[in-house]
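Source file: my_file.cif (mmCIF, C-alpha atoms)
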```
data_my_file
loop_
_atom_site.label_atom_id
_atom_site.label_comp_id
_atom_site.auth_asym_id
_atom_site.auth_seq_id
_atom_site.Cartn_x
_atom_site.Cartn_y
_atom_site.Cartn_z
CA MET X 277 95.29 135.19 88.36
CA SER X 278 95.95 135.50 84.63
CA SER X 279 96.98 138.74 82.97
CA PRO X 280 94.39 140.47 80.82
CA ILE X 281 94.89 140.45 77.07
CA PHE X 282 94.55 143.92 75.63
CA THR X 283 93.40 143.56 72.03
CA SER X 284 94.25 147.15 71.11
CA PRO X 285 96.56 149.89 72.35
CA GLU X 286 93.43 151.87 73.24
CA ASP X 287 92.31 149.03 75.57
CA ALA X 288 95.73 149.03 77.26
CA GLU X 289 95.65 152.81 77.63
CA ALA X 290 92.15 152.73 79.14
CA ALA X 291 93.32 150.08 81.62
CA PHE X 292 96.32 152.27 82.51
CA TYR X 293 94.12 155.25 83.39
CA ALA X 294 91.61 153.04 85.22
CA ALA X 295 94.39 151.53 87.34
CA LEU X 296 95.65 155.04 88.10
CA ALA X 297 92.16 156.20 89.18
CA GLN X 298 91.69 153.11 91.35
CA ALA X 299 95.23 153.25 92.78
CA ASP X 300 95.48 149.55 91.94
CA LEU X 301 99.11 148.46 91.67
CA ASP X 302 98.35 144.99 90.28
CA GLN X 303 96.11 146.42 87.57
CA MET X 304 98.73 149.07 86.78
CA MET X 305 101.51 146.54 86.38
CA ALA X 306 99.29 144.27 84.24
CA VAL X 307 99.35 147.03 81.61
CA TRP X 308 103.15 147.08 81.40
CA SER X 309 105.24 144.87 79.14
CA GLU X 310 107.62 142.52 80.87
CA ASP X 311 110.52 143.65 78.66
CA ASP X 312 113.66 144.71 80.52
CA GLU X 313 113.82 148.12 78.87
CA VAL X 314 110.41 149.56 79.77
CA ALA X 315 110.63 153.20 80.80
CA CYS X 316 108.53 155.60 82.85
CA ILE X 317 109.04 159.30 83.44
CA HIS X 318 106.61 160.90 85.87
CA PRO X 319 106.16 164.69 85.66
CA GLY X 320 109.25 166.43 87.00
CA SER X 321 110.95 163.15 87.87
CA ILE X 322 113.84 161.01 86.71
CA ARG X 323 113.72 158.32 84.04
CA LEU X 324 112.88 154.94 85.52
CA ILE X 325 114.01 151.84 83.63
CA GLY X 326 112.73 148.33 84.29
CA LEU X 327 109.67 146.89 85.98
CA THR X 328 111.15 146.92 89.49
CA ALA X 329 111.75 150.69 89.46
CA ILE X 330 108.44 151.41 87.73
CA ARG X 331 106.47 149.22 90.14
CA GLU X 332 108.09 150.93 93.13
CA SER X 333 107.24 154.40 91.79
CA TRP X 334 103.56 153.47 91.37
CA ARG X 335 103.55 151.73 94.76
CA GLN X 336 104.80 154.91 96.42
CA LEU X 337 102.28 157.08 94.60
CA PHE X 338 99.37 154.80 95.49
CA ALA X 339 100.56 154.39 99.10
CA SER X 340 100.49 158.17 99.54
CA GLY X 341 96.71 157.93 99.65
CA ALA X 342 96.22 160.55 96.94
CA ARG X 343 93.35 159.58 94.65
CA ILE X 344 94.07 160.82 91.16
CA THR X 345 91.68 160.93 88.25
CA VAL X 346 93.05 161.72 84.82
CA SER X 347 91.03 162.59 81.78
CA ALA X 348 93.02 162.28 78.58
CA THR X 349 92.08 164.68 75.79
CA HIS X 350 93.44 165.83 72.43
CA PRO X 351 94.77 162.39 71.47
CA VAL X 352 97.18 162.00 68.59
CA ARG X 353 97.74 158.36 67.75
CA TRP X 354 100.11 156.53 65.45
CA THR X 355 99.82 152.76 65.14
CA ASP X 356 101.37 150.08 62.98
CA MET X 357 101.25 146.29 63.31
CA MET X 358 103.54 146.06 66.34
CA LEU X 359 103.90 149.53 67.86
CA ALA X 360 101.58 152.37 68.88
CA VAL X 361 102.46 155.86 70.06
CA HIS X 362 99.80 158.01 71.72
CA THR X 363 100.23 161.60 72.87
CA VAL X 364 97.52 163.15 75.01
CA HIS X 365 96.83 166.08 77.25
CA GLN X 366 96.18 164.80 80.74
CA HIS X 367 93.86 166.81 82.95
CA VAL X 368 94.59 165.72 86.51
CA HIS X 369 92.20 165.96 89.41
CA VAL X 370 93.42 165.08 92.91
CA GLU X 371 90.60 164.13 95.28
CA GLY X 372 90.12 166.83 97.92
CA ASP X 373 91.98 169.46 95.89
CA ASP X 374 89.64 171.84 94.06
CA ARG X 375 92.43 173.77 92.34
CA LEU X 376 92.59 173.68 88.56
CA HIS X 377 95.91 172.09 87.65
CA PRO X 378 97.65 172.87 84.36
CA PRO X 379 97.55 170.06 81.83
CA ILE X 380 100.26 167.48 81.51
CA ILE X 381 101.43 166.29 78.12
CA ALA X 382 101.95 162.54 78.04
CA THR X 383 103.33 160.09 75.54
CA ASN X 384 102.29 156.46 75.93
CA VAL X 385 104.02 153.83 73.82
CA PHE X 386 102.62 150.32 73.40
CA ALA X 387 104.09 147.20 71.81
CA ARG X 388 102.16 144.21 70.53
CA GLY X 389 103.31 140.83 71.79
CA ALA X 390 102.08 137.32 72.44
CA LEU X 391 99.78 138.57 75.23
CA GLY X 392 98.35 141.51 73.30
CA TRP X 393 99.27 145.16 73.62
CA ARG X 394 101.38 146.32 76.57
CA MET X 395 102.83 149.65 77.63
CA VAL X 396 106.58 149.99 77.07
CA MET X 397 106.92 153.68 77.90
CA HIS X 398 105.00 156.42 79.70
CA HIS X 399 106.47 159.92 79.67
CA ALA X 400 104.55 162.78 81.27
CA ALA X 401 105.65 166.40 81.58
CA PRO X 402 103.91 169.66 82.50
CA ALA X 403 102.57 171.56 79.52
CA PRO X 404 104.26 174.91 78.97
CA ASP X 405 102.52 178.08 80.10
CA MET X 406 101.33 179.23 76.68
CA ASP X 407 100.76 182.84 77.79
CA ASN X 408 104.37 183.21 78.91
CA LEU X 409 105.69 181.12 76.05
CA HIS X 410 104.40 183.54 73.43
CA SER X 411 105.42 186.69 75.31
CA HIS X 412 109.20 186.16 75.10
CA ASP X 413 111.55 186.77 72.20
CA SER X 414 113.61 183.65 72.93
CA PRO X 415 113.27 180.49 70.85
CA HIS X 416 110.52 178.11 71.93
CA ILE X 417 112.19 174.93 70.72
CA ILE X 418 115.14 173.55 72.65
CA HIS X 419 116.07 170.70 70.31
#
```

Could you express the structure from this file as structure tokens?
Amino acid sequence: MSSPIFTSPEDAEAAFYAALAQADLDQMMAVWSEDDEVACIHPGSIRLIGLTAIRESWRQLFASGARITVSATHPVRWTDMMLAVHTVHQHVHVEGDDRLHPPIIATNVFARGALGWRMVMHHAAPAPDMDNLHSHDSPHIIH
């Protein structure tokens, strides 16, 4: 089976979210670049470097049986000839869980190579609680 060629970073990002919704490990890994230094940070987790660690993290998530649908909103995109950086708000819905989950802020980075656009980094973190953020006198920026 040949790998798909993503002709734009938007195509690669759509394939990423489709693979997540379908819990399809092969489709998920087809989105990722084969570079040694790819990185993935799941919400509240450690930094994973390399395809082996990233594949295992997705395998574990998909094997858990949880069906996750993510709608990405509020995109901010920067693209040049070889690199694209997208930040989005992810609204996560877990099948069978009717609770409203707070959004997750994600950064997806794509690089253009011989086989089209591929993901080189995915970093997702819970969005801050804006009500509490504005009610304190402490600084809101850490670095």

Near-range 286-292 of chain X list (7 Å; all atoms listed in the file; drop same-chain fewer than 3 positions) as JSON, numbers by chain: {"X": [282, 283, 295, 296, 304, 307, 393, 394]}

Using only C-alpha atoms, please write the residues we just selected to a file, as an mmCIF file, in the frame of the given file.
```cif
data_model
loop_
_atom_site.group_PDB
_atom_site.id
_atom_site.type_symbol
_atom_site.label_atom_id
_atom_site.label_comp_id
_atom_site.auth_asym_id
_atom_site.auth_seq_id
_atom_site.Cartn_x
_atom_site.Cartn_y
_atom_site.Cartn_z
ATOM 1 C CA PHE X 282 94.550 143.920 75.630
ATOM 2 C CA THR X 283 93.400 143.560 72.030
ATOM 3 C CA ALA X 295 94.390 151.530 87.340
ATOM 4 C CA LEU X 296 95.650 155.040 88.100
ATOM 5 C CA MET X 304 98.730 149.070 86.780
ATOM 6 C CA VAL X 307 99.350 147.030 81.610
ATOM 7 C CA TRP X 393 99.270 145.160 73.620
ATOM 8 C CA ARG X 394 101.380 146.320 76.570
#
```

7 Å contact set for Thr363 in chain X, only C-alpha atoms, chain neighbours under 3 positions out, as a list in words: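 Close residues of Thr363 in chain X: Pro351, Val352, Arg353, Ala382, Thr383 and Asn384 of chain X.
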
Output of the above residues as a JSON list (two decimals), in the frame of the given file, restricted to C-alpha atoms:
```
[["chain", "number", "residue", "atom", "x", "y", "z"],
["X", 351, "PRO", "CA", 94.77, 162.39, 71.47],
["X", 352, "VAL", "CA", 97.18, 162.00, 68.59],
["X", 353, "ARG", "CA", 97.74, 158.36, 67.75],
["X", 382, "ALA", "CA", 101.95, 162.54, 78.04],
["X", 383, "THR", "CA", 103.33, 160.09, 75.54],
["X", 384, "ASN", "CA", 102.29, 156.46, 75.93]]
```

Run the PyMOL selection byres ((chain X and resi 323) around 12) on the file and write out the hits as a PDB file with C-alpha atoms, in the frame of the given file.
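Final output, result_2.pdb:
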```pdb
ATOM      1  CA  GLU X 313     113.820 148.120  78.870  1.00  0.00           C
ATOM      2  CA  VAL X 314     110.410 149.560  79.770  1.00  0.00           C
ATOM      3  CA  ALA X 315     110.630 153.200  80.800  1.00  0.00           C
ATOM      4  CA  CYS X 316     108.530 155.600  82.850  1.00  0.00           C
ATOM      5  CA  ILE X 317     109.040 159.300  83.440  1.00  0.00           C
ATOM      6  CA  HIS X 318     106.610 160.900  85.870  1.00  0.00           C
ATOM      7  CA  PRO X 319     106.160 164.690  85.660  1.00  0.00           C
ATOM      8  CA  GLY X 320     109.250 166.430  87.000  1.00  0.00           C
ATOM      9  CA  SER X 321     110.950 163.150  87.870  1.00  0.00           C
ATOM     10  CA  ILE X 322     113.840 161.010  86.710  1.00  0.00           C
ATOM     11  CA  LEU X 324     112.880 154.940  85.520  1.00  0.00           C
ATOM     12  CA  ILE X 325     114.010 151.840  83.630  1.00  0.00           C
ATOM     13  CA  GLY X 326     112.730 148.330  84.290  1.00  0.00           C
ATOM     14  CA  ALA X 329     111.750 150.690  89.460  1.00  0.00           C
ATOM     15  CA  ILE X 330     108.440 151.410  87.730  1.00  0.00           C
ATOM     16  CA  SER X 333     107.240 154.400  91.790  1.00  0.00           C
ATOM     17  CA  MET X 397     106.920 153.680  77.900  1.00  0.00           C
ATOM     18  CA  HIS X 398     105.000 156.420  79.700  1.00  0.00           C
ATOM     19  CA  HIS X 399     106.470 159.920  79.670  1.00  0.00           C
ATOM     20  CA  ALA X 400     104.550 162.780  81.270  1.00  0.00           C
ATOM     21  CA  ALA X 401     105.650 166.400  81.580  1.00  0.00           C
TER      22      ALA X 401
END
```

Interatomic distance (Å, one decimal) between CA of Asp373 in chain X and CA of Ala306 in chain X: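 Distance reported for this atom pair: 28.7 Å.
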
For range 354-360 of chain X, find every residue with an atom within 6 Å (counting only C-alpha atoms), except residues of its own chain fewer than 2 positions away, and show them as a short mmCIF file (atom, residue, chain, number, x, y, z; two decimals) with C-alpha atoms, keeping the file's coordinate frame.
```
data_model
loop_
_atom_site.label_atom_id
_atom_site.label_comp_id
_atom_site.auth_asym_id
_atom_site.auth_seq_id
_atom_site.Cartn_x
_atom_site.Cartn_y
_atom_site.Cartn_z
CA VAL X 385 104.02 153.83 73.82
CA PHE X 386 102.62 150.32 73.40
CA ALA X 387 104.09 147.20 71.81
CA ARG X 388 102.16 144.21 70.53
#
```

Pairwise distance for CA of Asp300 in chain X and CA of Phe338 in chain X, rounded to one decimal in Å: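 That distance, rounded to one decimal, is 7.4 Å.
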
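Going from CA of Pro402 in chain X to CA of Ala297 in chain X covers 19.1 Å.
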
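Of the listed residues X:Ser279, X:Gln366, X:Gln303, X:Ser284, the one whose atoms come nearest to Thr345 in chain X is X:Gln366, with distances taken using all atoms listed in the file.
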
Please output range 359-380 of chain X, rebuilt to include N, CA, C and O atoms, as a CSV table (one decimal), in the frame of the given file.
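File written: result.csv
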```
chain,number,residue,atom,x,y,z
X,359,LEU,N,103.6,148.4,67.0
X,359,LEU,CA,103.9,149.5,67.9
X,359,LEU,C,102.8,150.6,67.7
X,359,LEU,O,102.3,150.9,66.7
X,360,ALA,N,102.5,151.2,68.9
X,360,ALA,CA,101.6,152.4,68.9
X,360,ALA,C,102.1,153.5,69.8
X,360,ALA,O,102.7,153.2,70.8
X,361,VAL,N,102.0,154.7,69.3
X,361,VAL,CA,102.5,155.9,70.1
X,361,VAL,C,101.3,156.8,70.2
X,361,VAL,O,100.7,157.2,69.2
X,362,HIS,N,100.9,157.1,71.4
X,362,HIS,CA,99.8,158.0,71.7
X,362,HIS,C,100.3,159.2,72.5
X,362,HIS,O,101.1,159.0,73.4
X,363,THR,N,100.0,160.4,72.1
X,363,THR,CA,100.2,161.6,72.9
X,363,THR,C,98.9,162.2,73.2
X,363,THR,O,98.0,162.2,72.4
X,364,VAL,N,98.8,162.6,74.5
X,364,VAL,CA,97.5,163.2,75.0
X,364,VAL,C,97.8,164.3,75.9
X,364,VAL,O,98.9,164.5,76.4
X,365,HIS,N,96.8,165.1,76.2
X,365,HIS,CA,96.8,166.1,77.2
X,365,HIS,C,96.1,165.4,78.4
X,365,HIS,O,95.0,165.0,78.3
X,366,GLN,N,96.8,165.4,79.5
X,366,GLN,CA,96.2,164.8,80.7
X,366,GLN,C,95.7,165.9,81.6
X,366,GLN,O,96.4,166.9,82.0
X,367,HIS,N,94.4,165.9,82.0
X,367,HIS,CA,93.9,166.8,83.0
X,367,HIS,C,93.7,166.1,84.3
X,367,HIS,O,92.9,165.1,84.4
X,368,VAL,N,94.5,166.5,85.3
X,368,VAL,CA,94.6,165.7,86.5
X,368,VAL,C,93.7,166.4,87.6
X,368,VAL,O,93.8,167.6,87.8
X,369,HIS,N,93.0,165.5,88.3
X,369,HIS,CA,92.2,166.0,89.4
X,369,HIS,C,92.6,165.1,90.6
X,369,HIS,O,92.6,163.9,90.5
X,370,VAL,N,93.1,165.8,91.7
X,370,VAL,CA,93.4,165.1,92.9
X,370,VAL,C,92.3,165.2,93.9
X,370,VAL,O,91.8,166.4,94.1
X,371,GLU,N,91.7,164.1,94.4
X,371,GLU,CA,90.6,164.1,95.3
X,371,GLU,C,90.9,165.0,96.5
X,371,GLU,O,92.0,165.0,97.1
X,372,GLY,N,89.9,165.9,96.8
X,372,GLY,CA,90.1,166.8,97.9
X,372,GLY,C,90.8,168.1,97.6
X,372,GLY,O,91.0,169.0,98.4
X,373,ASP,N,91.3,168.3,96.3
X,373,ASP,CA,92.0,169.5,95.9
X,373,ASP,C,91.1,170.1,94.8
X,373,ASP,O,91.1,169.5,93.7
X,374,ASP,N,90.5,171.2,95.0
X,374,ASP,CA,89.6,171.8,94.1
X,374,ASP,C,90.3,172.8,93.1
X,374,ASP,O,89.7,173.4,92.3
X,375,ARG,N,91.7,172.9,93.2
X,375,ARG,CA,92.4,173.8,92.3
X,375,ARG,C,92.4,173.2,90.9
X,375,ARG,O,92.4,172.0,90.7
X,376,LEU,N,92.5,174.1,90.0
X,376,LEU,CA,92.6,173.7,88.6
X,376,LEU,C,94.1,173.5,88.2
X,376,LEU,O,94.8,174.5,88.3
X,377,HIS,N,94.5,172.3,87.9
X,377,HIS,CA,95.9,172.1,87.6
X,377,HIS,C,96.2,172.2,86.2
X,377,HIS,O,95.3,171.9,85.3
X,378,PRO,N,97.3,172.8,85.8
X,378,PRO,CA,97.6,172.9,84.4
X,378,PRO,C,97.7,171.5,83.7
X,378,PRO,O,98.0,170.5,84.4
X,379,PRO,N,97.5,171.4,82.5
X,379,PRO,CA,97.6,170.1,81.8
X,379,PRO,C,99.0,169.5,81.8
X,379,PRO,O,99.9,170.2,81.9
X,380,ILE,N,99.0,168.2,81.7
X,380,ILE,CA,100.3,167.5,81.5
X,380,ILE,C,100.2,166.9,80.1
X,380,ILE,O,99.2,166.3,79.7
```
